[in-house]
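Have a look at coords_1.pdb below; it lists PDB, C-alpha atoms.
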```
ATOM      1  CA  MET A   1     -21.912 -11.168  -1.147
ATOM      2  CA  GLY A   2     -20.888 -14.115   0.971
ATOM      3  CA  GLN A   3     -17.692 -15.546   2.326
ATOM      4  CA  ILE A   4     -14.432 -15.480   0.370
ATOM      5  CA  THR A   5     -13.069 -18.990  -0.084
ATOM      6  CA  ARG A   6     -10.752 -18.583  -3.071
ATOM      7  CA  THR A   7      -8.719 -15.627  -4.278
ATOM      8  CA  ALA A   8      -6.553 -14.563  -7.192
ATOM      9  CA  VAL A   9      -3.944 -11.838  -7.605
ATOM     10  CA  ILE A  10      -3.125 -10.314 -10.989
ATOM     11  CA  GLY A  11       0.488  -9.175 -11.161
ATOM     12  CA  SER A  12       3.346 -10.744  -9.199
ATOM     13  CA  GLY A  13       5.504  -7.648  -8.762
ATOM     14  CA  ILE A  14       6.381  -5.540  -5.722
ATOM     15  CA  MET A  15       2.822  -5.495  -4.365
ATOM     16  CA  GLY A  16       1.211  -8.533  -5.953
ATOM     17  CA  HIS A  17       3.290 -11.260  -4.356
ATOM     18  CA  GLY A  18       2.840  -9.671  -0.931
ATOM     19  CA  ILE A  19      -0.943  -9.553  -1.368
ATOM     20  CA  ALA A  20      -0.872 -13.227  -2.357
ATOM     21  CA  LEU A  21       0.963 -14.009   0.876
ATOM     22  CA  VAL A  22      -1.700 -12.149   2.877
ATOM     23  CA  CYS A  23      -4.385 -14.303   1.230
ATOM     24  CA  ALA A  24      -2.483 -17.542   1.794
ATOM     25  CA  ARG A  25      -1.760 -16.755   5.443
ATOM     26  CA  SER A  26      -5.484 -16.199   5.997
ATOM     27  CA  GLY A  27      -6.026 -19.871   5.107
ATOM     28  CA  VAL A  28      -7.579 -19.141   1.707
ATOM     29  CA  PRO A  29      -6.101 -20.598  -1.510
ATOM     30  CA  VAL A  30      -4.746 -18.008  -3.929
ATOM     31  CA  THR A  31      -3.469 -18.125  -7.487
ATOM     32  CA  LEU A  32      -0.852 -15.573  -8.476
ATOM     33  CA  PHE A  33      -1.024 -14.614 -12.154
ATOM     34  CA  ASP A  34       1.609 -12.983 -14.318
ATOM     35  CA  ILE A  35       2.285 -12.988 -18.040
ATOM     36  CA  SER A  36       5.936 -13.801 -17.268
ATOM     37  CA  ALA A  37       6.925 -17.249 -16.008
ATOM     38  CA  GLU A  38      10.251 -15.763 -14.887
ATOM     39  CA  ALA A  39       8.431 -13.138 -12.820
ATOM     40  CA  LEU A  40       6.441 -15.883 -11.130
ATOM     41  CA  GLU A  41       9.614 -17.812 -10.349
ATOM     42  CA  ASN A  42      11.105 -14.700  -8.758
ATOM     43  CA  ALA A  43       7.888 -14.140  -6.811
ATOM     44  CA  ALA A  44       7.985 -17.699  -5.477
ATOM     45  CA  LYS A  45      11.533 -17.133  -4.197
ATOM     46  CA  LYS A  46      10.546 -13.852  -2.535
ATOM     47  CA  LEU A  47       7.508 -15.476  -0.929
ATOM     48  CA  ARG A  48       9.624 -18.216   0.585
ATOM     49  CA  GLN A  49      12.109 -15.632   1.868
ATOM     50  CA  ALA A  50       9.277 -13.573   3.345
ATOM     51  CA  MET A  51       7.768 -16.571   5.125
ATOM     52  CA  ARG A  52      11.186 -17.615   6.416
ATOM     53  CA  GLN A  53      11.698 -14.115   7.838
ATOM     54  CA  LEU A  54       8.301 -14.252   9.566
ATOM     55  CA  VAL A  55       9.092 -17.660  11.059
ATOM     56  CA  ASP A  56      12.560 -16.589  12.183
ATOM     57  CA  ASN A  57      11.038 -13.592  13.963
ATOM     58  CA  ASP A  58       8.272 -15.606  15.659
ATOM     59  CA  LEU A  59       5.554 -13.879  13.620
ATOM     60  CA  ALA A  60       4.577 -17.226  12.091
ATOM     61  CA  ALA A  61       4.841 -20.784  13.366
ATOM     62  CA  SER A  62       7.561 -22.957  11.839
ATOM     63  CA  GLY A  63       4.919 -25.357  10.558
ATOM     64  CA  ASP A  64       3.238 -22.526   8.663
ATOM     65  CA  LEU A  65       6.107 -22.048   6.235
ATOM     66  CA  GLU A  66       5.267 -24.941   3.941
ATOM     67  CA  SER A  67       1.521 -25.018   4.611
ATOM     68  CA  VAL A  68       1.117 -21.355   3.666
ATOM     69  CA  LEU A  69       3.274 -21.651   0.553
ATOM     70  CA  LYS A  70       1.253 -24.687  -0.571
ATOM     71  CA  ARG A  71      -1.852 -22.493  -0.706
ATOM     72  CA  ILE A  72      -0.222 -20.347  -3.410
ATOM     73  CA  ALA A  73      -0.542 -21.507  -7.014
ATOM     74  CA  TYR A  74       1.140 -19.797  -9.961
ATOM     75  CA  SER A  75      -0.190 -19.367 -13.481
ATOM     76  CA  THR A  76       0.466 -17.520 -16.728
ATOM     77  CA  ASN A  77      -3.083 -18.362 -17.843
ATOM     78  CA  MET A  78      -5.540 -15.758 -16.578
ATOM     79  CA  ALA A  79      -8.667 -17.850 -17.047
ATOM     80  CA  GLU A  80      -7.049 -20.647 -15.056
ATOM     81  CA  ALA A  81      -5.842 -18.241 -12.379
ATOM     82  CA  VAL A  82      -9.226 -16.656 -11.643
ATOM     83  CA  LYS A  83     -11.375 -19.788 -11.954
ATOM     84  CA  GLY A  84     -13.600 -20.042  -8.899
ATOM     85  CA  ALA A  85     -12.179 -16.877  -7.308
ATOM     86  CA  ASP A  86     -14.570 -14.915  -5.108
ATOM     87  CA  ILE A  87     -12.310 -11.873  -5.261
ATOM     88  CA  VAL A  88      -9.554 -10.851  -7.680
ATOM     89  CA  PHE A  89      -6.911  -8.386  -6.495
ATOM     90  CA  GLU A  90      -5.488  -6.384  -9.403
ATOM     91  CA  ALA A  91      -1.895  -5.267  -8.768
ATOM     92  CA  VAL A  92      -0.551  -4.323 -12.197
ATOM     93  CA  PRO A  93       1.404  -1.098 -12.898
ATOM     94  CA  GLU A  94      -0.438   2.230 -12.666
ATOM     95  CA  LYS A  95      -1.083   2.567 -16.395
ATOM     96  CA  LEU A  96      -4.720   3.058 -17.356
ATOM     97  CA  PRO A  97      -4.513   1.345 -20.771
ATOM     98  CA  LEU A  98      -2.954  -1.709 -19.119
ATOM     99  CA  LYS A  99      -5.624  -1.837 -16.428
ATOM    100  CA  ARG A 100      -8.339  -1.459 -19.075
ATOM    101  CA  SER A 101      -6.930  -4.460 -20.939
ATOM    102  CA  VAL A 102      -6.656  -6.510 -17.740
ATOM    103  CA  TYR A 103     -10.250  -5.781 -16.756
ATOM    104  CA  ALA A 104     -11.497  -6.778 -20.202
ATOM    105  CA  ASP A 105      -9.749 -10.137 -19.844
ATOM    106  CA  LEU A 106     -11.048 -10.547 -16.301
ATOM    107  CA  GLU A 107     -14.623  -9.819 -17.359
ATOM    108  CA  ALA A 108     -14.390 -12.640 -19.884
ATOM    109  CA  ALA A 109     -12.908 -15.077 -17.378
ATOM    110  CA  CYS A 110     -14.593 -14.315 -14.033
ATOM    111  CA  ALA A 111     -17.973 -15.313 -12.690
ATOM    112  CA  PRO A 112     -20.537 -12.473 -12.548
ATOM    113  CA  GLN A 113     -20.419 -12.356  -8.739
ATOM    114  CA  THR A 114     -16.622 -12.091  -8.479
ATOM    115  CA  ILE A 115     -15.446  -8.923  -6.736
ATOM    116  CA  PHE A 116     -12.756  -6.877  -8.477
ATOM    117  CA  ALA A 117     -10.361  -5.143  -6.067
ATOM    118  CA  SER A 118      -7.706  -2.750  -7.339
ATOM    119  CA  ASN A 119      -4.518  -1.987  -5.444
ATOM    120  CA  THR A 120      -4.221   1.380  -7.179
ATOM    121  CA  SER A 121      -2.690   4.099  -5.037
ATOM    122  CA  GLY A 122      -3.776   7.027  -7.167
ATOM    123  CA  ILE A 123      -6.220   6.313  -9.978
ATOM    124  CA  PRO A 124      -9.800   7.114  -8.899
ATOM    125  CA  ILE A 125     -11.863   4.017  -8.124
ATOM    126  CA  ASN A 126     -14.805   5.393 -10.105
ATOM    127  CA  THR A 127     -12.545   5.719 -13.157
ATOM    128  CA  LEU A 128     -11.452   2.097 -12.869
ATOM    129  CA  ALA A 129     -14.922   0.778 -12.045
ATOM    130  CA  ALA A 130     -16.242   2.431 -15.218
ATOM    131  CA  LEU A 131     -13.883   0.205 -17.237
ATOM    132  CA  THR A 132     -15.788  -2.864 -16.035
ATOM    133  CA  LYS A 133     -19.300  -4.243 -16.311
ATOM    134  CA  ARG A 134     -19.536  -4.623 -12.542
ATOM    135  CA  PRO A 135     -19.043  -1.229 -10.859
ATOM    136  CA  GLU A 136     -21.270  -2.418  -8.012
ATOM    137  CA  ARG A 137     -18.740  -5.198  -7.341
ATOM    138  CA  PHE A 138     -15.657  -3.005  -7.688
ATOM    139  CA  VAL A 139     -13.614  -1.715  -4.728
ATOM    140  CA  GLY A 140     -10.202  -0.265  -4.077
ATOM    141  CA  THR A 141      -7.929  -2.205  -1.740
ATOM    142  CA  HIS A 142      -4.839  -0.082  -1.241
ATOM    143  CA  PHE A 143      -2.137  -2.180   0.431
ATOM    144  CA  PHE A 144       1.158  -0.648   1.512
ATOM    145  CA  MET A 145       4.633  -1.914   0.733
ATOM    146  CA  PRO A 146       5.601  -4.449   1.914
ATOM    147  CA  ALA A 147       2.029  -5.727   1.719
ATOM    148  CA  HIS A 148       2.596  -8.740   3.961
ATOM    149  CA  LEU A 149       4.015  -6.594   6.783
ATOM    150  CA  ILE A 150       2.190  -3.248   6.874
ATOM    151  CA  PRO A 151      -1.093  -3.808   8.744
ATOM    152  CA  LEU A 152      -3.207  -1.147   7.025
ATOM    153  CA  VAL A 153      -5.344  -1.630   3.918
ATOM    154  CA  GLU A 154      -7.479   1.248   2.670
ATOM    155  CA  VAL A 155     -10.795  -0.037   1.320
ATOM    156  CA  ILE A 156     -12.246   2.534  -1.072
ATOM    157  CA  GLN A 157     -15.833   2.451  -2.236
ATOM    158  CA  GLY A 158     -16.889   3.833  -5.574
ATOM    159  CA  ASP A 159     -20.179   5.593  -6.181
ATOM    160  CA  ALA A 160     -21.794   2.327  -7.299
ATOM    161  CA  THR A 161     -20.125  -0.109  -4.882
ATOM    162  CA  ARG A 162     -22.654  -2.220  -3.026
ATOM    163  CA  GLU A 163     -22.619  -2.091   0.760
ATOM    164  CA  ASP A 164     -22.452  -5.869   1.123
ATOM    165  CA  GLY A 165     -19.431  -5.930  -1.181
ATOM    166  CA  ILE A 166     -17.569  -3.475   1.050
ATOM    167  CA  GLU A 167     -18.532  -5.488   4.118
ATOM    168  CA  THR A 168     -17.332  -8.736   2.525
ATOM    169  CA  VAL A 169     -13.936  -7.270   1.633
ATOM    170  CA  MET A 170     -13.534  -5.592   5.026
ATOM    171  CA  ALA A 171     -14.359  -8.854   6.816
ATOM    172  CA  PHE A 172     -11.922 -10.852   4.673
ATOM    173  CA  LEU A 173      -9.061  -8.431   5.290
ATOM    174  CA  ALA A 174      -9.747  -8.300   9.015
ATOM    175  CA  GLY A 175      -9.756 -12.099   9.083
ATOM    176  CA  ALA A 176      -6.421 -12.043   7.275
ATOM    177  CA  GLY A 177      -4.922 -10.027  10.127
ATOM    178  CA  LYS A 178      -5.061  -6.657   8.396
ATOM    179  CA  ILE A 179      -6.525  -3.401   9.669
ATOM    180  CA  PRO A 180      -8.982  -2.335   6.958
ATOM    181  CA  VAL A 181      -9.952   1.343   6.967
ATOM    182  CA  ARG A 182     -13.002   2.350   4.976
ATOM    183  CA  VAL A 183     -12.669   5.332   2.641
ATOM    184  CA  ARG A 184     -16.279   6.352   2.184
ATOM    185  CA  ARG A 185     -15.782   8.685  -0.760
ATOM    186  CA  ASP A 186     -13.501   8.266  -3.772
ATOM    187  CA  ILE A 187     -11.036  11.154  -3.555
ATOM    188  CA  PRO A 188      -7.529  11.512  -5.066
ATOM    189  CA  GLY A 189      -4.879   9.935  -2.854
ATOM    190  CA  PHE A 190      -7.448   8.392  -0.507
ATOM    191  CA  ILE A 191      -6.311   8.946   3.116
ATOM    192  CA  ALA A 192      -2.713   7.818   3.543
ATOM    193  CA  ASN A 193      -1.260   9.363   0.402
ATOM    194  CA  ARG A 194      -2.935  12.693   1.119
ATOM    195  CA  LEU A 195      -1.333  12.745   4.572
ATOM    196  CA  GLN A 196       1.991  11.487   3.211
ATOM    197  CA  HIS A 197       2.153  14.054   0.406
ATOM    198  CA  ALA A 198       1.203  16.909   2.729
ATOM    199  CA  LEU A 199       4.096  15.973   5.022
ATOM    200  CA  ALA A 200       6.508  15.415   2.111
ATOM    201  CA  ARG A 201       5.621  18.779   0.565
ATOM    202  CA  GLU A 202       6.424  20.620   3.802
ATOM    203  CA  ALA A 203       9.591  18.545   4.301
ATOM    204  CA  MET A 204      10.908  19.299   0.811
ATOM    205  CA  SER A 205       9.985  22.954   1.209
ATOM    206  CA  LEU A 206      12.115  23.182   4.358
ATOM    207  CA  VAL A 207      15.058  21.710   2.438
ATOM    208  CA  GLN A 208      14.467  23.963  -0.585
ATOM    209  CA  LYS A 209      14.426  27.067   1.626
ATOM    210  CA  GLY A 210      17.708  26.052   3.246
ATOM    211  CA  ILE A 211      16.155  25.784   6.697
ATOM    212  CA  ALA A 212      17.509  22.280   7.241
ATOM    213  CA  SER A 213      19.207  19.466   5.358
ATOM    214  CA  ALA A 214      17.254  16.476   4.078
ATOM    215  CA  GLU A 215      19.020  14.353   6.683
ATOM    216  CA  ASP A 216      17.988  16.647   9.533
ATOM    217  CA  VAL A 217      14.381  16.924   8.365
ATOM    218  CA  ASP A 218      14.196  13.139   8.209
ATOM    219  CA  ALA A 219      15.785  12.871  11.650
ATOM    220  CA  VAL A 220      13.046  15.097  13.097
ATOM    221  CA  VAL A 221      10.364  12.799  11.710
ATOM    222  CA  LYS A 222      12.096   9.519  12.589
ATOM    223  CA  THR A 223      12.976  10.445  16.157
ATOM    224  CA  SER A 224       9.908  12.443  17.200
ATOM    225  CA  LEU A 225       6.801  12.355  15.014
ATOM    226  CA  ALA A 226       7.118   8.731  13.903
ATOM    227  CA  VAL A 227       7.796   7.459  17.415
ATOM    228  CA  ARG A 228       4.928   9.400  18.938
ATOM    229  CA  MET A 229       2.452   8.545  16.187
ATOM    230  CA  LEU A 230       2.939   4.817  16.621
ATOM    231  CA  PHE A 231       0.383   5.070  19.396
ATOM    232  CA  THR A 232      -1.373   8.386  18.824
ATOM    233  CA  GLY A 233      -2.700   9.585  15.462
ATOM    234  CA  PRO A 234      -2.605  13.251  14.409
ATOM    235  CA  VAL A 235      -6.286  13.889  15.204
ATOM    236  CA  GLU A 236      -6.255  12.115  18.572
ATOM    237  CA  GLN A 237      -3.027  13.907  19.454
ATOM    238  CA  ARG A 238      -4.788  17.254  19.080
ATOM    239  CA  ASP A 239      -7.203  16.189  21.813
ATOM    240  CA  PHE A 240      -4.261  15.458  24.098
ATOM    241  CA  ASN A 241      -2.592  18.775  23.300
ATOM    242  CA  GLY A 242      -5.836  20.736  23.626
ATOM    243  CA  LEU A 243      -7.877  21.941  20.675
ATOM    244  CA  ASP A 244      -7.664  25.531  21.923
ATOM    245  CA  THR A 245      -3.871  25.295  21.894
ATOM    246  CA  HIS A 246      -3.915  23.807  18.410
ATOM    247  CA  MET A 247      -6.216  26.557  17.167
ATOM    248  CA  SER A 248      -4.007  29.280  18.617
ATOM    249  CA  ILE A 249      -0.971  27.850  16.823
ATOM    250  CA  ALA A 250      -2.933  27.199  13.625
ATOM    251  CA  GLU A 251      -4.032  30.838  13.437
ATOM    252  CA  TYR A 252      -0.468  32.007  12.831
ATOM    253  CA  LEU A 253       1.297  28.858  11.526
ATOM    254  CA  TYR A 254      -1.086  27.808   8.753
ATOM    255  CA  LYS A 255      -0.382  31.037   6.877
ATOM    256  CA  ASP A 256       3.310  30.135   6.729
ATOM    257  CA  LEU A 257       3.001  26.457   5.757
ATOM    258  CA  GLU A 258       3.849  25.361   2.219
ATOM    259  CA  ASP A 259       0.701  25.398   0.090
ATOM    260  CA  THR A 260       1.997  25.251  -3.471
ATOM    261  CA  LYS A 261      -0.419  23.613  -5.904
ATOM    262  CA  THR A 262       2.373  22.374  -8.169
ATOM    263  CA  PRO A 263       5.453  20.236  -7.409
ATOM    264  CA  LEU A 264       8.225  22.159  -5.690
ATOM    265  CA  ALA A 265      11.210  23.276  -7.768
ATOM    266  CA  ILE A 266      13.597  21.116  -5.729
ATOM    267  CA  LEU A 267      11.590  18.040  -6.744
ATOM    268  CA  ALA A 268      11.051  19.056 -10.374
ATOM    269  CA  ASP A 269      14.743  19.880 -10.838
ATOM    270  CA  LYS A 270      15.877  16.511  -9.504
ATOM    271  CA  VAL A 271      13.452  14.628 -11.734
ATOM    272  CA  ALA A 272      14.555  16.671 -14.761
ATOM    273  CA  ALA A 273      18.193  15.857 -13.952
ATOM    274  CA  GLY A 274      17.405  12.149 -13.723
ATOM    275  CA  ASP A 275      18.055  12.037  -9.970
ATOM    276  CA  LEU A 276      15.100   9.787  -9.154
ATOM    277  CA  GLY A 277      16.255   8.237  -5.907
ATOM    278  CA  ILE A 278      17.282   4.633  -5.410
ATOM    279  CA  LYS A 279      16.237   3.611  -8.940
ATOM    280  CA  SER A 280      18.824   5.988 -10.470
ATOM    281  CA  GLY A 281      21.377   5.878  -7.653
ATOM    282  CA  LYS A 282      20.810   9.423  -6.480
ATOM    283  CA  GLY A 283      17.975  11.617  -5.236
ATOM    284  CA  PHE A 284      17.986  13.651  -2.036
ATOM    285  CA  TYR A 285      20.537  11.060  -0.890
ATOM    286  CA  ASP A 286      23.399   9.396  -2.729
ATOM    287  CA  TRP A 287      22.724   5.644  -3.002
ATOM    288  CA  ARG A 288      25.430   4.751  -5.511
ATOM    289  CA  ASP A 289      27.758   3.039  -3.032
ATOM    290  CA  LYS A 290      24.965   1.367  -1.048
ATOM    291  CA  ASP A 291      23.879  -2.278  -1.168
ATOM    292  CA  ILE A 292      20.214  -1.594  -1.881
ATOM    293  CA  ALA A 293      19.150  -5.173  -1.214
ATOM    294  CA  ALA A 294      20.769  -4.942   2.205
ATOM    295  CA  VAL A 295      19.147  -1.542   2.846
ATOM    296  CA  ASN A 296      15.704  -2.954   1.999
ATOM    297  CA  ALA A 297      16.304  -6.046   4.116
ATOM    298  CA  ALA A 298      17.291  -3.877   7.075
ATOM    299  CA  LYS A 299      14.191  -1.705   6.688
ATOM    300  CA  ASN A 300      11.963  -4.807   6.590
ATOM    301  CA  GLN A 301      13.657  -6.098   9.725
ATOM    302  CA  HIS A 302      13.037  -2.764  11.451
ATOM    303  CA  LEU A 303       9.352  -3.033  10.470
ATOM    304  CA  ILE A 304       9.191  -6.519  11.909
ATOM    305  CA  ASP A 305      10.820  -5.354  15.142
ATOM    306  CA  VAL A 306       8.200  -2.593  15.435
ATOM    307  CA  LEU A 307       5.354  -5.035  14.714
ATOM    308  CA  LYS A 308       6.637  -7.363  17.412
ATOM    309  CA  LEU A 309       6.869  -4.450  19.841
ATOM    310  CA  THR A 310       3.390  -3.122  19.152
ATOM    311  CA  ALA A 311       1.863  -6.610  19.296
ATOM    312  CA  SER A 312       3.251  -7.261  22.780
TER     313      SER A 312
END
```

Serialized structure, structure tokens:
Amino acid sequence: MGQITRTAVIGSGIMGHGIALVCARSGVPVTLFDISAEALENAAKKLRQAMRQLVDNDLAASGDLESVLKRIAYSTNMAEAVKGADIVFEAVPEKLPLKRSVYADLEAACAPQTIFASNTSGIPINTLAALTKRPERFVGTHFFMPAHLIPLVEVIQGDATREDGIETVMAFLAGAGKIPVRVRRDIPGFIANRLQHALAREAMSLVQKGIASAEDVDAVVKTSLAVRMLFTGPVEQRDFNGLDTHMSIAEYLYKDLEDTKTPLAILADKVAAGDLGIKSGKGFYDWRDKDIAAVNAAKNQHLIDVLKLTAS
């Protein structure tokens, strides 16, 4: 489908502004659209802060700060935002009626050859593609928060997605410094969320059964699994351990692993009680006396430190 020379991002929230920064850092102009001028103003501030953090940590040259930000335009007019765009990244909330409305507006405003790319993390790509008149030019591009820092992007093809469309998107993301991973079949949760939910289910089960505290379960992951898996994935690691050894353990351990098909009671009870995590002040942890902005800033800095380490 050709080279991508202009991009647009629909939605300037948690994911959208980060995706816009990825586009701008690749050298390609991008227009960030939102129905709220205030949201766009907030996004512009966050983008400047993000670029400043990259420069301060030697992940971007000092001269890039202004040049990258100049490639980002802002608009509350969708037709203006997507004019001339070769690809439009949709990053609106995970509400199907909202996405349906957005796609209808995009169909009216975009050129026939424009690729639609959804940042959905859960809605099937085939379901979303069916809401458009261009399922052959529809892909999933699942970025991870924060989008400008996490290297991975899952690229999900629908049943009708054209091969050259997938190749175009993969090439653009690779050129933007990302690591695009192709998901060849549209399945719920794609790859990362399936792995993440499998781990979270077992972790919460261990807490629910009183085997360990949430803090201790997290400590196990942070100080062993996470460190080791920076350089060795779970499949490759089995080769190092020996597949015969893995099979011997699997024969007795799999039968004891959590395999519930519905959310665990410990999760359902917390949600019912309104203990939703950081957004409510309490979840598995108590966040009420924490400076959440400072916590998020520290986590981003840790990510940057890891990126610098792994890049060296």

For this session: Taking the file as shown, find all residues satisfying the PyMOL selection byres ((chain A and resi 149-165) around 8) and write them as a PyMOL selection string.
Result: chain A and resi 1+115+125-126+129+135-148+166-170+173+177-186+190-191+303-304

Problem set entry | Closest of A:Thr232, A:Thr127, A:Ser26, A:Ser205 to A:Arg100 - atom-to-atom distances counting all atoms listed in the file | A:Thr127

For this session: Given the file shown, enumerate the residues that the PyMOL selection byres ((chain A and resi 78-86) around 12) captures and present them as a VMD selection string.
Result: chain A and resid 1 to 11 23 28 to 36 72 to 77 87 to 90 102 to 117 137 165 168 to 169 172

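Between A:Ala297 and the residues A:Ala50, A:Ala60, A:Met229, A:Val235, the shortest atom-to-atom distance, using only C-alpha atoms, involves A:Ala50.
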
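Of note, atom CA of A:Leu267 and atom CA of A:Gln301 are spaced 29.3 Å apart.
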
For this session: To one decimal in Å, tell me the separation between atom CA of A:Gln53 and atom CA of A:Ala39.
Result: 20.9 Å

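With atom CA of A:Ser12 on one side and atom CA of A:Leu40 on the other, the separation reads 6.3 Å.
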
Listed atoms of stretch 115-133 of chain A boxed axis-aligned with 5 Å per side, centre + edges as JSON:
```
{"center_x": -11.0, "center_y": -0.9, "center_z": -11.1, "size_x": 26.6, "size_y": 26.0, "size_z": 22.2}
```

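For the choices A:Ala192, A:Leu59, A:Met15, A:Ala24, the atom-to-atom distance to A:Ser118 is smallest for A:Met15 when using only C-alpha atoms.
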
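Excluding A:Lys290 and any residue on its chain fewer than 4 positions from it, the residues at most 12 Å away by only C-alpha atoms are Ile278, Lys279, Gly281, Lys282, Tyr285, Asp286, Ala294, Val295 and Asn296 of chain A.
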
Exercise. Given the choices A:Ala214, A:Val55, A:Val92, A:Leu257, which gets closest to A:Phe284 if the distance is worked out from only C-alpha atoms?
Worked result: A:Ala214

For this session: For the structure shown, which residues end up in the PyMOL selection byres ((chain A and resi 49) around 12)? Put them as number ranges by chain, please?
Result: A: 17-18, 21, 42-48, 50-56, 65-66, 69, 148, 297, 300

All heavy atoms restored at stretch 216-222 of chain A, emitted as a compact mmCIF listing (two decimals), in the coordinates of the input:
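Below you can see result-v4.txt, which holds the result:
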```txt
# COMPACT_ATOMS: atom_id res chain seq x y z
N ASP A 216 18.50 16.13 8.27
CA ASP A 216 17.99 16.65 9.53
C ASP A 216 16.46 16.66 9.56
O ASP A 216 15.84 16.40 10.60
CB ASP A 216 18.54 18.04 9.81
CG ASP A 216 20.00 18.00 10.28
OD1 ASP A 216 20.46 16.90 10.64
OD2 ASP A 216 20.65 19.06 10.26
N VAL A 217 15.84 16.97 8.43
CA VAL A 217 14.38 16.92 8.36
C VAL A 217 13.90 15.50 8.62
O VAL A 217 12.97 15.26 9.40
CB VAL A 217 13.87 17.43 7.00
CG1 VAL A 217 12.38 17.13 6.84
CG2 VAL A 217 14.12 18.92 6.85
N ASP A 218 14.57 14.54 7.99
CA ASP A 218 14.20 13.14 8.21
C ASP A 218 14.42 12.72 9.65
O ASP A 218 13.63 11.95 10.22
CB ASP A 218 14.99 12.23 7.26
CG ASP A 218 14.44 12.25 5.85
OD1 ASP A 218 13.34 12.78 5.64
OD2 ASP A 218 15.11 11.70 4.95
N ALA A 219 15.50 13.22 10.26
CA ALA A 219 15.78 12.87 11.65
C ALA A 219 14.68 13.38 12.58
O ALA A 219 14.30 12.70 13.54
CB ALA A 219 17.13 13.45 12.07
N VAL A 220 14.14 14.55 12.29
CA VAL A 220 13.05 15.10 13.10
C VAL A 220 11.84 14.16 13.06
O VAL A 220 11.22 13.86 14.09
CB VAL A 220 12.66 16.50 12.61
CG1 VAL A 220 11.33 16.95 13.22
CG2 VAL A 220 13.75 17.51 12.94
N VAL A 221 11.52 13.68 11.85
CA VAL A 221 10.36 12.80 11.71
C VAL A 221 10.62 11.45 12.36
O VAL A 221 9.80 10.93 13.14
CB VAL A 221 10.00 12.61 10.22
CG1 VAL A 221 8.88 11.59 10.07
CG2 VAL A 221 9.57 13.95 9.61
N LYS A 222 11.79 10.86 12.09
CA LYS A 222 12.10 9.52 12.59
C LYS A 222 12.16 9.46 14.11
O LYS A 222 11.74 8.47 14.72
CB LYS A 222 13.43 9.04 12.02
CG LYS A 222 13.42 8.71 10.53
CD LYS A 222 14.82 8.31 10.08
CE LYS A 222 14.89 8.00 8.60
NZ LYS A 222 16.28 7.64 8.19
```
